[in-house]
Amino acid sequence: MANRITLQITRYHPGHDEKPRLETYEVPLRKEWVVLDALNYIKDYLDGSLSFRWSCRMGVCGSCGMTVNGVPKLTCATFVSDYAPGPVRIEPLKHFPVLRDLVVDTSDFLVKLAKSKPWIIRSVNKSLEEEYLQTPEQLEAYKQFSMCINCMLCYAACPVYGLDPLFSGPAAIALAQRYNMDSRDEGAGKRLDILSHHDGIWACTFVGECTKVCPKNVDPASAIQQYKLTASLEWVKSFVLPRGGQ
Amino acid sequence: MKKRSNEPLLWMLFSAGGVVAALLMPIHLLLFGLAFPLGWLQSPSRDELLILVRHPVARIYLLLLCSLPWFHWAHRFRFTLYDGLQIKHLNELINVFCYGGAVVGTVVAVYFVSQIS
Amino acid sequence: MVSPTEYLPKSYRPRVSTYWWLARWAYLKFILREASCVFVAWTVVLTLIGIRALTRGPADYTEFEKWLRQPIPLALNIISFFFVVFHAVTWFDLAPKAMAVRLRGKRLPSVAIATPNYVVWIAISAAVAWILLRG
């Protein structure tokens, strides 16, 4: 294995550059390095102006999502040596406005996430002395969807989100399902009002790329299809049992 | 309560059409589109086919085969036009063409099947 | 979206290409799967033409059978067959994702639901073929 590798990295200085351009850097090729290590090497030794987000460097915070050779990846979980001999192209996460270099504007996702009401909704909350009891089966019902780290790789992979920025997107819907399926939650109806909409779950055409790129195996595509089925059954129920069967 | 979308109906029709198309169309095309014209298998005669299609179960079968898949096409084609050609701004026109077309197709199917005597 | 301010100039937002679906094989496979709906529609049309020819008279039906042997309809039907099979396979593989079937608390893997789908598909196809071919 050679001991150097070339990286082509997007640089964009708003106000100065009309649009992003690729700049080339050469870094050591260490077999244990992830892409984030290479970026930090560049920032420490070659070009301190390179801007990018990162935090935990171990795949749990969701900060370091970028496009590596055209594929959305967590740069802390992607080995440089997998791309040897290179060059490796590192670009900002797709489908989000680029603020600077590899940093994107995440506000759209945060707004949509909030719309899903990703918290336990109950008519009466238990007091602090009481416990919510949940069996292993009840936990298993939503656990997979709770693994989401909000890294937005799924948004970068989803062509529908790329084409229609109004689409709620994979993670927001998967997280809504996480709470819908939680036995402690009573808010499924409220979430359905918001998400059973042509820009909500119905805009999804089950491309399935979101599930492919998810680093935590959340399987958002499955969450969305399950949600479509639930929404359809609720729709039928609303005709057969008006006023929600009360 | 905010009014929920009626998309579920379209999605359910799409799903029903998809199931019918998946289960029945491969064998129908294999036989009538390839095996019989190419002489791989002996095609049933017109008389034999008429006896088959006159059966009430066969009529319902043909009605399902020629109606539900229209709605499968309509829903999928609508989204292909949105995403493939990026013409979502024409969505009213697209909806009329797709779902209207499916309704017309179903009416034609009902008419043709009713002509079986 | 973040609005431009004195300290935060306008962000860069590229437009998605009309040919986005050619960029990845997964996207192309998706578009082909969606395009199969056109061949599904054609199969309905073909079936309706066949039913009409059948009910109109022996001469019409013989004409229809002859037409099916012409190169262009035949080629179209061969292509349609592959697309319709592609539709069926992708349908049976993906449909289980919409159902979270649980057995003794653990979610069944997709293949546990996809396999019965395939079995039913083969059984129904065999039944249709038997009905048509027994003579």
# chains A, B, ... in the order shown; residues from 1 in each chain; ligands from 1
>>> interface_residues(of="chain A", to="chain C", cutoff="7 Å", atoms="only C-alpha atoms", output="ChimeraX atom specification")
/A:14-15,19,97-99,107-108,137,162-163,207,222,225-226,229
>>> write_last_selection(atoms="C-alpha atoms", output="CSV table (one decimal), in the first residue's frame")
chain,number,residue,atom,x,y,z
A,14,PRO,CA,-19.6,32.5,0.6
A,15,GLY,CA,-19.4,36.0,-0.6
A,19,LYS,CA,-19.9,28.5,-6.4
A,97,PRO,CA,-27.7,24.4,1.2
A,98,VAL,CA,-23.9,24.7,1.6
A,99,LEU,CA,-22.9,27.3,4.1
A,107,SER,CA,-32.5,24.0,9.6
A,108,ASP,CA,-34.9,22.4,7.2
A,137,GLU,CA,-41.7,-7.0,23.3
A,162,GLY,CA,-33.7,16.3,-3.4
A,163,LEU,CA,-36.5,17.1,-5.9
A,207,VAL,CA,-36.8,4.2,-3.5
A,222,SER,CA,-39.7,0.2,6.3
A,225,GLN,CA,-44.2,1.9,4.4
A,226,GLN,CA,-45.6,0.6,7.8
A,229,LEU,CA,-50.4,0.9,5.9
>>> interface_residues(of="chain C", to="chain B", cutoff="6 Å", atoms="only C-alpha atoms", output="VMD selection string")
chain C and resid 37 44 55 69 77 81 84 to 85 88 121 125
>>> select_by_dssp(residues="range 12-85 of chain B", states="alpha helix (DSSP H)", output="VMD selection string")
chain B and resid 12 to 28 46 to 54 56 to 84
>>> write_last_selection(atoms="C-alpha atoms", output="PDB file, in the first residue's frame")
ATOM      1  CA  MET B  12     -54.599   1.199  -1.549  1.00  0.00           C
ATOM      2  CA  LEU B  13     -55.798   1.045  -5.166  1.00  0.00           C
ATOM      3  CA  PHE B  14     -52.164   1.192  -6.274  1.00  0.00           C
ATOM      4  CA  SER B  15     -51.314  -1.673  -3.928  1.00  0.00           C
ATOM      5  CA  ALA B  16     -54.282  -3.812  -5.023  1.00  0.00           C
ATOM      6  CA  GLY B  17     -53.391  -3.242  -8.664  1.00  0.00           C
ATOM      7  CA  GLY B  18     -49.783  -4.093  -7.912  1.00  0.00           C
ATOM      8  CA  VAL B  19     -50.724  -7.406  -6.311  1.00  0.00           C
ATOM      9  CA  VAL B  20     -53.009  -8.367  -9.227  1.00  0.00           C
ATOM     10  CA  ALA B  21     -50.351  -7.396 -11.757  1.00  0.00           C
ATOM     11  CA  ALA B  22     -47.601  -9.238  -9.894  1.00  0.00           C
ATOM     12  CA  LEU B  23     -49.547 -12.460  -9.435  1.00  0.00           C
ATOM     13  CA  LEU B  24     -51.322 -12.751 -12.771  1.00  0.00           C
ATOM     14  CA  MET B  25     -49.579 -10.793 -15.493  1.00  0.00           C
ATOM     15  CA  PRO B  26     -46.366 -12.798 -15.806  1.00  0.00           C
ATOM     16  CA  ILE B  27     -48.187 -16.040 -16.640  1.00  0.00           C
ATOM     17  CA  HIS B  28     -50.686 -14.277 -18.920  1.00  0.00           C
ATOM     18  CA  ARG B  46     -61.561 -19.624 -29.559  1.00  0.00           C
ATOM     19  CA  ASP B  47     -64.417 -21.951 -28.612  1.00  0.00           C
ATOM     20  CA  GLU B  48     -62.505 -23.312 -25.614  1.00  0.00           C
ATOM     21  CA  LEU B  49     -61.631 -19.784 -24.470  1.00  0.00           C
ATOM     22  CA  LEU B  50     -65.236 -18.635 -24.813  1.00  0.00           C
ATOM     23  CA  ILE B  51     -66.410 -21.489 -22.606  1.00  0.00           C
ATOM     24  CA  LEU B  52     -63.826 -20.414 -20.011  1.00  0.00           C
ATOM     25  CA  VAL B  53     -64.597 -16.684 -20.029  1.00  0.00           C
ATOM     26  CA  ARG B  54     -68.362 -17.143 -19.883  1.00  0.00           C
ATOM     27  CA  PRO B  56     -69.017 -15.907 -13.776  1.00  0.00           C
ATOM     28  CA  VAL B  57     -65.789 -16.422 -11.830  1.00  0.00           C
ATOM     29  CA  ALA B  58     -63.821 -15.842 -15.050  1.00  0.00           C
ATOM     30  CA  ARG B  59     -65.704 -12.611 -15.674  1.00  0.00           C
ATOM     31  CA  ILE B  60     -64.837 -11.303 -12.219  1.00  0.00           C
ATOM     32  CA  TYR B  61     -61.242 -12.468 -12.728  1.00  0.00           C
ATOM     33  CA  LEU B  62     -60.997 -10.565 -16.020  1.00  0.00           C
ATOM     34  CA  LEU B  63     -62.631  -7.489 -14.492  1.00  0.00           C
ATOM     35  CA  LEU B  64     -60.072  -7.427 -11.688  1.00  0.00           C
ATOM     36  CA  LEU B  65     -57.215  -8.103 -14.105  1.00  0.00           C
ATOM     37  CA  CYS B  66     -58.273  -5.213 -16.362  1.00  0.00           C
ATOM     38  CA  SER B  67     -59.304  -2.607 -13.774  1.00  0.00           C
ATOM     39  CA  LEU B  68     -57.095  -2.599 -10.673  1.00  0.00           C
ATOM     40  CA  PRO B  69     -53.776  -2.535 -12.577  1.00  0.00           C
ATOM     41  CA  TRP B  70     -54.954   0.714 -14.243  1.00  0.00           C
ATOM     42  CA  PHE B  71     -54.845   2.332 -10.808  1.00  0.00           C
ATOM     43  CA  HIS B  72     -51.460   0.811 -10.139  1.00  0.00           C
ATOM     44  CA  TRP B  73     -50.199   2.409 -13.375  1.00  0.00           C
ATOM     45  CA  ALA B  74     -51.925   5.721 -12.601  1.00  0.00           C
ATOM     46  CA  HIS B  75     -50.330   6.162  -9.152  1.00  0.00           C
ATOM     47  CA  ARG B  76     -46.855   5.031 -10.162  1.00  0.00           C
ATOM     48  CA  PHE B  77     -46.851   6.983 -13.415  1.00  0.00           C
ATOM     49  CA  ARG B  78     -47.966  10.121 -11.603  1.00  0.00           C
ATOM     50  CA  PHE B  79     -44.946   9.940  -9.288  1.00  0.00           C
ATOM     51  CA  THR B  80     -42.639   9.047 -12.175  1.00  0.00           C
ATOM     52  CA  LEU B  81     -43.749  12.258 -13.887  1.00  0.00           C
ATOM     53  CA  TYR B  82     -43.164  14.208 -10.668  1.00  0.00           C
ATOM     54  CA  ASP B  83     -39.702  12.793  -9.974  1.00  0.00           C
ATOM     55  CA  GLY B  84     -38.461  11.625 -13.342  1.00  0.00           C
TER      56      GLY B  84
END
>>> closest_atom_pairs(of="chain A", to="chain B", cutoff="7 Å", atoms="only C-alpha atoms", output="Markdown table")
| residue | atom | partner | partner_atom | distance |
| --- | --- | --- | --- | --- |
| A:Val160 | CA | B:Asp83 | CA | 6.8 |
| A:Leu163 | CA | B:Asp83 | CA | 6.7 |
| A:Asp193 | CA | B:Arg4 | CA | 5.8 |
| A:Ser196 | CA | B:Ser5 | CA | 6.0 |
| A:His197 | CA | B:Ser5 | CA | 5.4 |
| A:Trp202 | CA | B:Glu7 | CA | 6.8 |
| A:Ala231 | CA | B:Pro8 | CA | 6.8 |
| A:Ser232 | CA | B:Pro8 | CA | 4.8 |
| A:Trp235 | CA | B:Pro8 | CA | 6.7 |
>>> atom_distance(atom1="CA of Glu131 in chain A", atom2="CA of Lys117 in chain A")
22.2 Å
>>> residues_around(residues="range 188-190 of chain A", least_positions_apart="5", cutoff="10 Å", atoms="only C-alpha atoms", output="JSON, numbers by chain")
{"A": [116, 117, 120, 121, 176, 177, 179, 180, 181, 182, 195, 231, 234, 244], "B": [1, 2]}
>>> write_last_selection(atoms="C-alpha atoms", output="mmCIF file, in the first residue's frame")
data_model
loop_
_atom_site.group_PDB
_atom_site.id
_atom_site.type_symbol
_atom_site.label_atom_id
_atom_site.label_comp_id
_atom_site.auth_asym_id
_atom_site.auth_seq_id
_atom_site.Cartn_x
_atom_site.Cartn_y
_atom_site.Cartn_z
ATOM 1 C CA SER A 116 -43.131 14.971 13.826
ATOM 2 C CA LYS A 117 -43.498 15.675 17.554
ATOM 3 C CA ILE A 120 -44.054 11.028 24.322
ATOM 4 C CA ILE A 121 -47.509 12.562 24.041
ATOM 5 C CA ALA A 176 -42.625 9.781 14.269
ATOM 6 C CA GLN A 177 -43.145 6.021 13.921
ATOM 7 C CA TYR A 179 -43.116 7.325 19.074
ATOM 8 C CA ASN A 180 -46.266 5.960 17.448
ATOM 9 C CA MET A 181 -45.077 2.428 18.235
ATOM 10 C CA ASP A 182 -44.058 3.301 21.816
ATOM 11 C CA LEU A 195 -47.789 13.396 8.283
ATOM 12 C CA ALA A 231 -52.583 5.555 7.774
ATOM 13 C CA GLU A 234 -57.052 4.645 9.908
ATOM 14 C CA GLY A 244 -62.863 7.466 15.941
ATOM 15 C CA MET B 1 -59.238 17.855 13.684
ATOM 16 C CA LYS B 2 -57.327 18.820 10.589
#
>>> select_by_dssp(residues="chain C", states="strand (DSSP E)", output="number ranges by chain")
C: 102-103, 106-107
>>> atom_distance(atom1="CA of Phe86 in chain C", atom2="CA of Phe39 in chain C")
10.6 Å
